[in-house]
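Shown next, in structure tokens, is the structure this report addresses.
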Amino acid sequence: MNFLKRFSVLSVMMLVAVTMMAQELPKVYILATGGTIAGSGSSATKSNYSAGQVAIGTLLDAVPAINDVAYVEGEQVVNIGSQDMSDDVWLVLAKRVNELIASQKVNGIVITHGTDTMEETAFFLSLVTDSNIPIVLVGAMRPSTAISADGPVNLYNAVVTAASPASMGRGVLVCMNGKVYGAADVTKTNTTSVETFQSPNSGALGYIHNGEVFYYHAPDRVGRKFVDHVHEGTLFNEVRTPYFNIDGLKSLPKVGIAYGYSSVEGDVVDMMIDKHYKGIVYAGVGNGNIHKNVFPELEKARKDGIIVVRSSRVPTGATTLDAEVDDNKYEFVASWGLNPQKARILLMLALTKTDDWKTIQKYFNNY
Ligand code: GLU
């Protein structure tokens, strides 16, 4: 009896101690959206599987070591393959992220996500959240049922990254394959490899080793009030692009992307003019160059009040202002380092504030 009494007192004390330890750990909140990290297939060796099958609780159960680095809670926002990501889901997700930030109850947020559009969601969130706490997107290239599934280690590394004070003030991050990337420059570069994510212009921000995140540098644009760079004799030092407040937003203006190629015809743009798109991003060749078959359609679009952004199908470098195309003359906007899919996002958000092309160019100069 005495033994039993002592045993139960001991267990209560241990429980209190464990609870206190858990409370001292950073709090990381997981928002799950689906993707391969939540995918399951019938074979451990073949690549056919369905994304978005496994719920967040099951993912966390597979990585008990996470409980040593953070006190983790989570919820399922959606459970989709990220090829089906939409502006509507972005708005729901971003509003939930902003609620968590405002609650001041979490030290970091992890978002599990399919890899196909992860870079877009990361960039969208980076423009609509204003916080120092780490917001980390993570996914996997192999489903949870595959040999050497990369999801568990990626999830562990993402929680490590989100829980670390070293990650504060670095904006929205993508954590994949042992590395950490900034939202503006990261892109998916390989259809199947686990080392698919790269930041081709700026490189990774850091890496994770033995449960710790190490940084090489901060993302250029985060935490800076002014962005100074000289381009062809002009000093760009305007105030950086503001965060876009999405509180009252129910939808985003319609912006589409037209892709440039040899022999392309104006039809690629006509559909968007006819359907009253508010903006068109042209994924041009080279430095955002536009085929002579399409140029008149884009001029027409601009005359109809549509904002035209020149970006490039080339994976590295920037689409620079007034290069082979005289942007000032045609009232076109140059996307600088944003690839077409990210240029679309900044243009949608910019259009919620203004339809003045010069102001929108400033947003692109300083995003
Ligand atoms: N297409 C799916 C998605 O993006 C699976 C790809 C992945 O997550 O790697 O969600």
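Letters for chains follow the order of the structure tokens (A, B, ...), residue numbers begin at 1 for each chain, and ligand numbers begin at 1 in the order shown.
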
Give the residues close to ligand 1, within 12 Å, counting only C-alpha atoms and all ligand atoms; write them as an mmCIF file with N, CA, C and O atoms, in the first residue's frame.
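So selection_35.cif came out as:
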```
data_model
loop_
_atom_site.group_PDB
_atom_site.id
_atom_site.type_symbol
_atom_site.label_atom_id
_atom_site.label_comp_id
_atom_site.auth_asym_id
_atom_site.auth_seq_id
_atom_site.Cartn_x
_atom_site.Cartn_y
_atom_site.Cartn_z
ATOM 1 N N ALA A 32 -1.215 22.144 -41.339
ATOM 2 C CA ALA A 32 -0.991 21.123 -42.360
ATOM 3 C C ALA A 32 -1.885 21.383 -43.567
ATOM 4 O O ALA A 32 -3.064 21.687 -43.420
ATOM 5 N N THR A 33 -1.286 21.283 -44.744
ATOM 6 C CA THR A 33 -2.077 21.535 -45.961
ATOM 7 C C THR A 33 -2.047 20.365 -46.948
ATOM 8 O O THR A 33 -2.694 20.430 -47.979
ATOM 9 N N GLY A 34 -1.267 19.323 -46.670
ATOM 10 C CA GLY A 34 -1.237 18.163 -47.578
ATOM 11 C C GLY A 34 0.085 18.025 -48.296
ATOM 12 O O GLY A 34 1.141 18.362 -47.757
ATOM 13 N N GLY A 35 0.046 17.501 -49.525
ATOM 14 C CA GLY A 35 1.277 17.300 -50.295
ATOM 15 C C GLY A 35 1.843 15.913 -50.105
ATOM 16 O O GLY A 35 1.269 15.063 -49.423
ATOM 17 N N THR A 36 3.004 15.684 -50.696
ATOM 18 C CA THR A 36 3.636 14.366 -50.626
ATOM 19 C C THR A 36 4.024 14.003 -49.209
ATOM 20 O O THR A 36 4.032 12.831 -48.837
ATOM 21 N N ILE A 37 4.355 14.992 -48.403
ATOM 22 C CA ILE A 37 4.735 14.699 -47.017
ATOM 23 C C ILE A 37 3.590 13.955 -46.334
ATOM 24 O O ILE A 37 3.801 13.160 -45.424
ATOM 25 N N ALA A 38 2.371 14.197 -46.811
ATOM 26 C CA ALA A 38 1.200 13.483 -46.293
ATOM 27 C C ALA A 38 0.693 12.474 -47.329
ATOM 28 O O ALA A 38 -0.466 12.105 -47.330
ATOM 29 N N GLY A 39 1.597 12.022 -48.216
ATOM 30 C CA GLY A 39 1.178 11.120 -49.285
ATOM 31 C C GLY A 39 1.358 9.666 -48.893
ATOM 32 O O GLY A 39 2.192 9.335 -48.054
ATOM 33 N N SER A 40 0.575 8.799 -49.505
ATOM 34 C CA SER A 40 0.820 7.385 -49.272
ATOM 35 C C SER A 40 0.623 6.615 -50.576
ATOM 36 O O SER A 40 -0.190 6.998 -51.423
ATOM 37 N N GLY A 41 1.435 5.565 -50.743
ATOM 38 C CA GLY A 41 1.363 4.772 -51.956
ATOM 39 C C GLY A 41 1.293 3.301 -51.603
ATOM 40 O O GLY A 41 1.502 2.907 -50.454
ATOM 41 N N SER A 47 6.925 5.310 -57.742
ATOM 42 C CA SER A 47 6.624 6.712 -57.448
ATOM 43 C C SER A 47 5.132 7.043 -57.514
ATOM 44 O O SER A 47 4.746 8.154 -57.245
ATOM 45 N N ASN A 48 4.278 6.061 -57.896
ATOM 46 C CA ASN A 48 2.864 6.443 -57.958
ATOM 47 C C ASN A 48 2.212 6.395 -56.575
ATOM 48 O O ASN A 48 2.332 5.410 -55.856
ATOM 49 N N TYR A 49 1.578 7.474 -56.214
ATOM 50 C CA TYR A 49 0.988 7.601 -54.886
ATOM 51 C C TYR A 49 -0.003 8.755 -54.949
ATOM 52 O O TYR A 49 -0.053 9.501 -55.931
ATOM 53 N N SER A 50 -0.764 8.943 -53.889
ATOM 54 C CA SER A 50 -1.682 10.087 -53.819
ATOM 55 C C SER A 50 -1.205 11.038 -52.738
ATOM 56 O O SER A 50 -0.944 10.612 -51.597
ATOM 57 N N ALA A 51 -1.118 12.320 -53.112
ATOM 58 C CA ALA A 51 -0.716 13.336 -52.129
ATOM 59 C C ALA A 51 -1.885 13.633 -51.204
ATOM 60 O O ALA A 51 -3.046 13.421 -51.553
ATOM 61 N N GLY A 52 -1.574 14.120 -50.000
ATOM 62 C CA GLY A 52 -2.622 14.597 -49.105
ATOM 63 C C GLY A 52 -3.515 13.503 -48.563
ATOM 64 O O GLY A 52 -4.730 13.634 -48.541
ATOM 65 N N GLN A 53 -2.934 12.379 -48.122
ATOM 66 C CA GLN A 53 -3.746 11.277 -47.585
ATOM 67 C C GLN A 53 -3.612 11.139 -46.069
ATOM 68 O O GLN A 53 -4.489 10.611 -45.411
ATOM 69 N N VAL A 78 -6.128 22.300 -44.873
ATOM 70 C CA VAL A 78 -6.702 21.563 -46.001
ATOM 71 C C VAL A 78 -5.833 20.313 -46.163
ATOM 72 O O VAL A 78 -4.790 20.200 -45.509
ATOM 73 N N ASN A 79 -6.231 19.386 -46.999
ATOM 74 C CA ASN A 79 -5.363 18.235 -47.264
ATOM 75 C C ASN A 79 -5.378 17.960 -48.772
ATOM 76 O O ASN A 79 -6.135 17.141 -49.266
ATOM 77 N N ILE A 80 -4.542 18.729 -49.479
ATOM 78 C CA ILE A 80 -4.577 18.704 -50.948
ATOM 79 C C ILE A 80 -3.175 18.527 -51.515
ATOM 80 O O ILE A 80 -2.183 18.811 -50.846
ATOM 81 N N GLY A 81 -3.101 18.070 -52.758
ATOM 82 C CA GLY A 81 -1.859 18.164 -53.509
ATOM 83 C C GLY A 81 -1.698 19.634 -53.871
ATOM 84 O O GLY A 81 -2.682 20.294 -54.227
ATOM 85 N N SER A 82 -0.489 20.158 -53.762
ATOM 86 C CA SER A 82 -0.371 21.621 -53.908
ATOM 87 C C SER A 82 -0.526 22.093 -55.350
ATOM 88 O O SER A 82 -0.561 23.284 -55.613
ATOM 89 N N GLN A 83 -0.656 21.150 -56.303
ATOM 90 C CA GLN A 83 -1.035 21.571 -57.666
ATOM 91 C C GLN A 83 -2.434 22.185 -57.656
ATOM 92 O O GLN A 83 -2.805 22.894 -58.582
ATOM 93 N N ASP A 84 -3.207 21.891 -56.586
ATOM 94 C CA ASP A 84 -4.563 22.442 -56.479
ATOM 95 C C ASP A 84 -4.609 23.664 -55.557
ATOM 96 O O ASP A 84 -5.704 24.089 -55.146
ATOM 97 N N MET A 85 -3.459 24.196 -55.200
ATOM 98 C CA MET A 85 -3.446 25.389 -54.323
ATOM 99 C C MET A 85 -4.173 26.529 -55.018
ATOM 100 O O MET A 85 -4.158 26.638 -56.251
ATOM 101 N N THR A 112 3.095 22.463 -43.355
ATOM 102 C CA THR A 112 3.406 21.330 -44.231
ATOM 103 C C THR A 112 2.652 21.538 -45.544
ATOM 104 O O THR A 112 1.499 21.969 -45.550
ATOM 105 N N HIS A 113 3.315 21.239 -46.650
ATOM 106 C CA HIS A 113 2.816 21.703 -47.950
ATOM 107 C C HIS A 113 3.382 20.825 -49.057
ATOM 108 O O HIS A 113 4.513 20.344 -48.962
ATOM 109 N N GLY A 114 2.627 20.641 -50.118
ATOM 110 C CA GLY A 114 3.170 19.990 -51.302
ATOM 111 C C GLY A 114 4.288 20.831 -51.895
ATOM 112 O O GLY A 114 4.313 22.056 -51.729
ATOM 113 N N THR A 115 5.196 20.180 -52.596
ATOM 114 C CA THR A 115 6.358 20.925 -53.085
ATOM 115 C C THR A 115 6.080 21.693 -54.383
ATOM 116 O O THR A 115 6.790 22.636 -54.700
ATOM 117 N N ASP A 116 5.045 21.278 -55.123
ATOM 118 C CA ASP A 116 4.824 21.875 -56.454
ATOM 119 C C ASP A 116 4.672 23.393 -56.399
ATOM 120 O O ASP A 116 5.201 24.110 -57.255
ATOM 121 N N THR A 117 3.907 23.878 -55.442
ATOM 122 C CA THR A 117 3.672 25.331 -55.359
ATOM 123 C C THR A 117 4.153 25.908 -54.027
ATOM 124 O O THR A 117 3.739 26.998 -53.643
ATOM 125 N N MET A 118 5.029 25.171 -53.352
ATOM 126 C CA MET A 118 5.506 25.635 -52.045
ATOM 127 C C MET A 118 6.139 27.025 -52.131
ATOM 128 O O MET A 118 5.946 27.884 -51.271
ATOM 129 N N GLU A 119 6.910 27.262 -53.192
ATOM 130 C CA GLU A 119 7.588 28.559 -53.318
ATOM 131 C C GLU A 119 6.576 29.697 -53.422
ATOM 132 O O GLU A 119 6.824 30.811 -52.950
ATOM 133 N N GLU A 120 5.418 29.412 -54.053
ATOM 134 C CA GLU A 120 4.402 30.460 -54.209
ATOM 135 C C GLU A 120 3.741 30.776 -52.868
ATOM 136 O O GLU A 120 3.583 31.943 -52.499
ATOM 137 N N THR A 121 3.361 29.726 -52.145
ATOM 138 C CA THR A 121 2.724 29.957 -50.837
ATOM 139 C C THR A 121 3.693 30.678 -49.905
ATOM 140 O O THR A 121 3.305 31.597 -49.178
ATOM 141 N N LEU A 137 8.000 26.691 -44.184
ATOM 142 C CA LEU A 137 7.270 25.713 -45.004
ATOM 143 C C LEU A 137 8.126 24.481 -45.218
ATOM 144 O O LEU A 137 9.349 24.589 -45.415
ATOM 145 N N VAL A 138 7.460 23.330 -45.198
ATOM 146 C CA VAL A 138 8.196 22.074 -45.367
ATOM 147 C C VAL A 138 7.337 21.077 -46.126
ATOM 148 O O VAL A 138 6.114 21.112 -46.055
ATOM 149 N N GLY A 139 8.006 20.190 -46.850
ATOM 150 C CA GLY A 139 7.296 19.145 -47.587
ATOM 151 C C GLY A 139 8.203 17.952 -47.754
ATOM 152 O O GLY A 139 9.176 17.766 -47.007
ATOM 153 N N ALA A 140 7.894 17.152 -48.732
ATOM 154 C CA ALA A 140 8.702 15.967 -48.993
ATOM 155 C C ALA A 140 8.601 15.638 -50.466
ATOM 156 O O ALA A 140 7.624 15.985 -51.122
ATOM 157 N N MET A 141 9.615 14.979 -50.966
ATOM 158 C CA MET A 141 9.591 14.532 -52.354
ATOM 159 C C MET A 141 9.168 13.072 -52.458
ATOM 160 O O MET A 141 8.797 12.605 -53.520
ATOM 161 N N ARG A 142 9.278 12.356 -51.346
ATOM 162 C CA ARG A 142 8.872 10.938 -51.361
ATOM 163 C C ARG A 142 7.718 10.743 -50.391
ATOM 164 O O ARG A 142 7.743 11.304 -49.293
ATOM 165 N N PRO A 143 6.730 9.938 -50.763
ATOM 166 C CA PRO A 143 5.600 9.728 -49.857
ATOM 167 C C PRO A 143 6.017 8.999 -48.587
ATOM 168 O O PRO A 143 7.087 8.385 -48.542
ATOM 169 N N SER A 144 5.171 9.068 -47.582
ATOM 170 C CA SER A 144 5.529 8.502 -46.285
ATOM 171 C C SER A 144 5.726 6.988 -46.343
ATOM 172 O O SER A 144 6.382 6.415 -45.476
ATOM 173 N N ALA A 149 11.858 7.675 -47.001
ATOM 174 C CA ALA A 149 10.961 8.837 -47.108
ATOM 175 C C ALA A 149 11.682 10.041 -46.492
ATOM 176 O O ALA A 149 12.317 9.920 -45.444
ATOM 177 N N ASP A 150 11.616 11.191 -47.171
ATOM 178 C CA ASP A 150 12.320 12.367 -46.658
ATOM 179 C C ASP A 150 11.430 13.234 -45.751
ATOM 180 O O ASP A 150 11.912 14.158 -45.102
ATOM 181 N N GLY A 151 10.138 12.896 -45.679
ATOM 182 C CA GLY A 151 9.218 13.703 -44.876
ATOM 183 C C GLY A 151 9.588 13.794 -43.404
ATOM 184 O O GLY A 151 9.655 14.900 -42.854
ATOM 185 N N MET A 176 13.991 22.360 -46.603
ATOM 186 C CA MET A 176 13.929 21.093 -47.348
ATOM 187 C C MET A 176 15.333 20.516 -47.489
ATOM 188 O O MET A 176 16.291 21.255 -47.740
ATOM 189 N N LYS A 188 11.521 25.469 -56.970
ATOM 190 C CA LYS A 188 11.648 24.019 -57.206
ATOM 191 C C LYS A 188 12.346 23.818 -58.543
ATOM 192 O O LYS A 188 11.891 24.341 -59.565
ATOM 193 N N THR A 189 13.449 23.071 -58.540
ATOM 194 C CA THR A 189 14.262 22.990 -59.755
ATOM 195 C C THR A 189 14.297 21.600 -60.369
ATOM 196 O O THR A 189 14.850 21.420 -61.454
ATOM 197 N N ASN A 190 13.791 20.602 -59.667
ATOM 198 C CA ASN A 190 13.880 19.235 -60.182
ATOM 199 C C ASN A 190 12.550 18.538 -59.907
ATOM 200 O O ASN A 190 11.993 18.689 -58.827
ATOM 201 N N THR A 191 12.052 17.793 -60.876
ATOM 202 C CA THR A 191 10.708 17.220 -60.722
ATOM 203 C C THR A 191 10.654 16.095 -59.690
ATOM 204 O O THR A 191 9.610 15.862 -59.088
ATOM 205 N N THR A 192 11.764 15.382 -59.480
ATOM 206 C CA THR A 192 11.690 14.200 -58.610
ATOM 207 C C THR A 192 12.756 14.125 -57.506
ATOM 208 O O THR A 192 12.580 13.384 -56.546
ATOM 209 N N SER A 193 13.844 14.876 -57.638
ATOM 210 C CA SER A 193 14.957 14.702 -56.705
ATOM 211 C C SER A 193 14.664 15.321 -55.331
ATOM 212 O O SER A 193 13.989 16.343 -55.232
ATOM 213 N N VAL A 194 15.219 14.720 -54.273
ATOM 214 C CA VAL A 194 15.025 15.300 -52.931
ATOM 215 C C VAL A 194 15.783 16.618 -52.767
ATOM 216 O O VAL A 194 15.479 17.406 -51.885
ATOM 217 N N GLU A 195 16.772 16.857 -53.633
ATOM 218 C CA GLU A 195 17.474 18.151 -53.529
ATOM 219 C C GLU A 195 16.919 19.175 -54.534
ATOM 220 O O GLU A 195 17.640 19.974 -55.122
ATOM 221 N N THR A 196 15.618 19.148 -54.674
ATOM 222 C CA THR A 196 14.987 19.971 -55.699
ATOM 223 C C THR A 196 15.004 21.468 -55.404
ATOM 224 O O THR A 196 15.104 22.287 -56.298
ATOM 225 N N PHE A 197 14.904 21.856 -54.122
ATOM 226 C CA PHE A 197 14.792 23.297 -53.840
ATOM 227 C C PHE A 197 16.152 23.978 -53.848
ATOM 228 O O PHE A 197 17.125 23.473 -53.281
#
```

Give the helix (DSSP H, G or I) residues of segment 95-191 of chain A, as DSSP finds them on the backbone, and put them as a PyMOL selection string. chain A and resi 95-103+118-128+151-163+165-167

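Using only C-alpha atoms, the contacts of Pro253 of chain A at a cut-off of 7 Å, with sequence neighbours closer than 3 positions omitted, comprise Lys278, Met348 and Leu351 of chain A.
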
For those residues, write N, CA, C and O atoms to a file as a compact mmCIF listing (two decimals), in the first residue's frame.
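What ended up in selection-v9.txt:
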```
# COMPACT_ATOMS: atom_id res chain seq x y z
N LYS A 278 -7.02 41.52 -64.55
CA LYS A 278 -6.53 42.83 -64.10
C LYS A 278 -5.03 42.97 -64.37
O LYS A 278 -4.50 44.08 -64.40
N MET A 348 -0.82 40.62 -57.94
CA MET A 348 -2.18 40.50 -57.37
C MET A 348 -2.31 41.37 -56.13
O MET A 348 -3.28 42.11 -55.96
N LEU A 351 -2.22 45.08 -56.84
CA LEU A 351 -3.49 45.55 -57.42
C LEU A 351 -4.59 45.73 -56.37
O LEU A 351 -5.60 46.37 -56.64
```

Quick one: everything within 10 Å of segment 293-308 of chain A, counting only C-alpha atoms, minus sequence neighbours fewer than 4 positions away in the same chain. Send it as a PyMOL selection string. chain A and resi 255+257-258+260+262-270+272-274+276-282+289+327+330-334+347+351+355-357+360

Using only C-alpha atoms, which protein or nucleic acid residues come within 8 Å of segment 155-171 of chain A? Drop anything in the same chain fewer than 4 positions from it, and give the result as a PyMOL selection string. chain A and resi 26-28+63+65-66+69-70+107-110+112+126+131-139+151+175-176+178+182-183+208+211-215+218-219+222-223

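The space between atom CA of Val92 of chain A and atom CA of Val77 of chain A spans 8.2 Å.
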
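Note that the spacing between atom CA of Glu73 of chain A and atom CA of Val106 of chain A amounts to 9.8 Å.
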
Apply DSSP to the backbone of this structure and, from segment 183-348 of chain A, keep only the residues in strand (DSSP E); write these as a PDB file with C-alpha atoms, in the first residue's frame.
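Writing the result to states.pdb gives the following:
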```pdb
ATOM      1  CA  THR A 187      12.310  27.657 -56.366  1.00  0.00           C
ATOM      2  CA  LYS A 188      11.648  24.019 -57.206  1.00  0.00           C
ATOM      3  CA  PHE A 197      14.792  23.297 -53.840  1.00  0.00           C
ATOM      4  CA  GLN A 198      17.409  25.916 -54.635  1.00  0.00           C
ATOM      5  CA  GLY A 206      21.569  28.091 -43.821  1.00  0.00           C
ATOM      6  CA  TYR A 207      21.517  24.419 -42.968  1.00  0.00           C
ATOM      7  CA  ILE A 208      20.453  22.067 -40.208  1.00  0.00           C
ATOM      8  CA  HIS A 209      22.899  19.723 -38.539  1.00  0.00           C
ATOM      9  CA  GLU A 212      20.492  22.749 -34.822  1.00  0.00           C
ATOM     10  CA  VAL A 213      20.069  25.391 -37.501  1.00  0.00           C
ATOM     11  CA  PHE A 214      23.085  27.387 -38.684  1.00  0.00           C
ATOM     12  CA  TYR A 215      22.817  30.477 -40.889  1.00  0.00           C
ATOM     13  CA  HIS A 229      20.948  49.497 -55.318  1.00  0.00           C
ATOM     14  CA  VAL A 230      22.190  51.382 -58.328  1.00  0.00           C
ATOM     15  CA  HIS A 231      20.960  50.328 -61.744  1.00  0.00           C
ATOM     16  CA  THR A 234      19.698  55.324 -60.956  1.00  0.00           C
ATOM     17  CA  LEU A 235      19.769  54.839 -57.201  1.00  0.00           C
ATOM     18  CA  PHE A 236      16.825  52.770 -56.027  1.00  0.00           C
ATOM     19  CA  VAL A 255      -3.760  37.855 -62.813  1.00  0.00           C
ATOM     20  CA  GLY A 256      -2.525  35.281 -65.311  1.00  0.00           C
ATOM     21  CA  ILE A 257       0.771  34.231 -66.866  1.00  0.00           C
ATOM     22  CA  ALA A 258       1.496  33.936 -70.604  1.00  0.00           C
ATOM     23  CA  TYR A 259       4.557  31.939 -71.634  1.00  0.00           C
ATOM     24  CA  GLY A 279      -2.928  41.890 -64.734  1.00  0.00           C
ATOM     25  CA  ILE A 280      -0.790  39.824 -67.096  1.00  0.00           C
ATOM     26  CA  VAL A 281       2.668  38.483 -66.349  1.00  0.00           C
ATOM     27  CA  TYR A 282       4.564  37.681 -69.519  1.00  0.00           C
ATOM     28  CA  ALA A 283       7.171  34.960 -68.967  1.00  0.00           C
ATOM     29  CA  GLY A 284       9.379  36.262 -71.739  1.00  0.00           C
ATOM     30  CA  ILE A 307      -1.035  45.983 -65.777  1.00  0.00           C
ATOM     31  CA  VAL A 308       1.618  44.118 -67.779  1.00  0.00           C
ATOM     32  CA  VAL A 309       4.629  42.705 -65.944  1.00  0.00           C
ATOM     33  CA  ARG A 310       7.622  41.378 -67.844  1.00  0.00           C
ATOM     34  CA  SER A 311       9.295  38.399 -66.209  1.00  0.00           C
ATOM     35  CA  SER A 312      11.413  35.634 -67.701  1.00  0.00           C
ATOM     36  CA  VAL A 333       6.622  46.744 -65.279  1.00  0.00           C
ATOM     37  CA  ALA A 334       9.868  44.750 -64.911  1.00  0.00           C
TER      38      ALA A 334
END
```

One decimal place gives the atom CA of Leu125 of chain A-atom CA of Ile345 of chain A separation as 10.1 Å

With a cut-off of 12 Å, could you pull out the residues of segment 93-144 of chain A touching segment 249-252 of chain A and give me the nearest pair of atoms for each, distance in Å to one decimal, using only C-alpha atoms, ordered by chain and ascending number, as a tab-separated table?
```
residue	atom	partner	partner_atom	distance
A:Ala94	CA	A:Leu249	CA	11.0
A:Lys95	CA	A:Leu249	CA	9.8
A:Phe124	CA	A:Leu252	CA	11.6
A:Val128	CA	A:Leu249	CA	11.3
```

File dump, residues just selected, N, CA, C and O atoms, as a compact mmCIF listing (two decimals), in the first residue's frame:
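Once written, out08.txt looks like this:
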```txt
# COMPACT_ATOMS: atom_id res chain seq x y z
N ALA A 94 -3.29 32.32 -44.67
CA ALA A 94 -2.58 33.52 -44.21
C ALA A 94 -3.31 34.16 -43.03
O ALA A 94 -2.68 34.65 -42.07
N LYS A 95 -4.65 34.15 -43.08
CA LYS A 95 -5.41 34.73 -41.97
C LYS A 95 -5.18 33.91 -40.69
O LYS A 95 -5.08 34.46 -39.61
N PHE A 124 3.82 34.30 -51.02
CA PHE A 124 2.57 34.98 -50.66
C PHE A 124 2.57 35.32 -49.17
O PHE A 124 2.31 36.47 -48.77
N VAL A 128 2.29 39.03 -46.76
CA VAL A 128 1.05 39.36 -46.03
C VAL A 128 1.14 39.10 -44.53
O VAL A 128 0.13 39.19 -43.83
```

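The shortest atom-to-atom distance to Ile111 of chain A, with only C-alpha atoms taken into account, belongs to A:Val172 out of A:Met271, A:Val186, A:Val172, A:Ala204.
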